[in-house]
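The next block holds one structure in the form of structure tokens; read it before the comments.
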Amino acid sequence: MTLKLPFYRLNQSKALEFERLTVVNTEIANDLLCVDKKERKKLTSAAFRHVEIGSMWINQTIRNTNTKTKVKHFKRMWLEVNNQGFEIVKSGELYTVCFCLYRGRKGRIPLSIHGASHSQVLNKIIQGTANLGSLKLCKSKKGIWYALVSVSMEVPDAISVEHWIGVDRGQNNIAVAALPKGFGKFWKGGRVKGLRRQFQRTRAQLQSAKQFKEVKRLEQRERRIMTHINHVISKQLVQFAQDFGMGLRFEDLSGCRQTMRQHKKTKSDAANNRDSWAFYQLELFTRYKAIRYGVPVESVPAPYTSKSDHRNGVIGKRNGDWFKGFDGYRCNADWNASQNIGQWLGFSCPLNLWRYRATLRYQTAATAMVAADVEGGVDSSPFN
């Protein structure tokens, strides 16, 4: 994992010095691009003795440049060093990073951390139970300097669970997590829909005014907001599973953009266009957070999870936010889908739905998700 830690009360002189040395480092990287690739691989920091940046930083710049085989020019090459060139220590209540940016001069700069998520990892680094990777100094568009510290550590094996929490993803509700035969936790999507429509209107106005740079900036801002929302939801999903000692089950939505049909009117609305929703990102964030805490995560096939009754697996009708069973039973459609995902065991699908005889209309067995051979079942795709 990589910790993004802002420097604590970084004074202006150090910020300007970081900026100046980044420019020098970028010039070194661009000079290396002019050297033949075979000769470039033989170079070391000895060829840049005239540069004031430390040798370990120069060597890392050479390695980073050699890995970029197709780059013709670097706009910016951030300063980076491996784990031999820095250390993390704790001074009082502050965590500080110590490194030699210049040749023969060592500095110590305090870091601003989030106590709930960063202090635990930093304590493991100091105790030696976690291994440091590399340190990179970078600046955000707002002018804030960060220390990007990569860390590797041992994580517990996934716990053995008997019950699973099903997670249904959608647009009206970004995620719905339901306990087996119990209540569900909803993350509403109304605010996200409003944001997407607002950004869509603003982009349309800027495009008509030929302000393409501003359009790109807004797209990046929208992406950052959605990423933050997915981070928050994924963290709460993992905590929800921890509280009840269960695993998480997602429906496998791979290829859904090719299989789900959408009208042109639907696709023109950013709030309802499925192509713009980050379903996979939410699952990806949840998976790597769950690994850290030993929470198992599985994916199950998606067909019929939204159309079947969670009580008996019989096909029903979904109308907007509501699901209606063949016997008149009604419940929230997303909650019903999350129940089906959580209790998935491998299902058979005899689809003999409705029969008509003259004016008499009656229903026969319409089970689409009834469990088949539960004792010998396996968690995999059902047979055709």
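Convention: chains lettered A, B, ... in structure tokens order; per-chain residue numbering from 1; ligands numbered from 1 as shown.
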Original post:
If we count only C-alpha atoms, what is near Glu27 in chain A at a cut-off of 12 Å, once residues fewer than 2 positions away on the same chain are taken out, given as JSON, numbers by chain?
Top reply: {"A": [20, 21, 22, 23, 24, 25, 29, 30, 31, 32, 33, 34, 48, 51, 58, 61, 62, 65, 73, 74, 75, 76, 77, 78, 79]}
**OP:** May I have all residues of range 5-190 of chain A that DSSP, computed from the backbone, assigns to alpha helix (DSSP H), given as an MDAnalysis selection string?
**Re:** chainID A and resid 12:33 37:40 55:67 119:127 190
**OP:** Find the residues near range 133-145 of chain A: any atom within 12 Å, counting only C-alpha atoms, skip ones fewer than 5 places away on the same chain, and give them as a ChimeraX atom specification.
**Re:** /A:1-12,14-19,21-23,25,56-57,60-61,64,76-88,97-101,109,111-112,125,150-153,217,220-221
Subject >> A:Arg49, A:His231, A:Tyr304, A:Leu218 ranked by distance to Phe199 in chain A, top pick (using only C-alpha atoms) >> reply: A:Leu218
Original post:
What's the 10 Å shell around Ser234 in chain A, counting only C-alpha atoms, without same-chain residues fewer than 3 positions away, as a VMD selection string?
Top reply: chain A and resid 175 228 to 231 237 to 240 281 to 290
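Compared by their closest atoms to Gly320 in chain A, and using only C-alpha atoms, the residues A:Pro303, A:Gly170, A:Gly184, A:Gly255 rank with A:Gly170 nearest.
You will find CA of Gln343 in chain A at 28.4 Å from CA of Asp275 in chain A.
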**OP:** Can you work out the spacing between CA of Thr96 in chain A and CA of Ala116 in chain A in Å, to one decimal?
**Re:** 17.4 Å
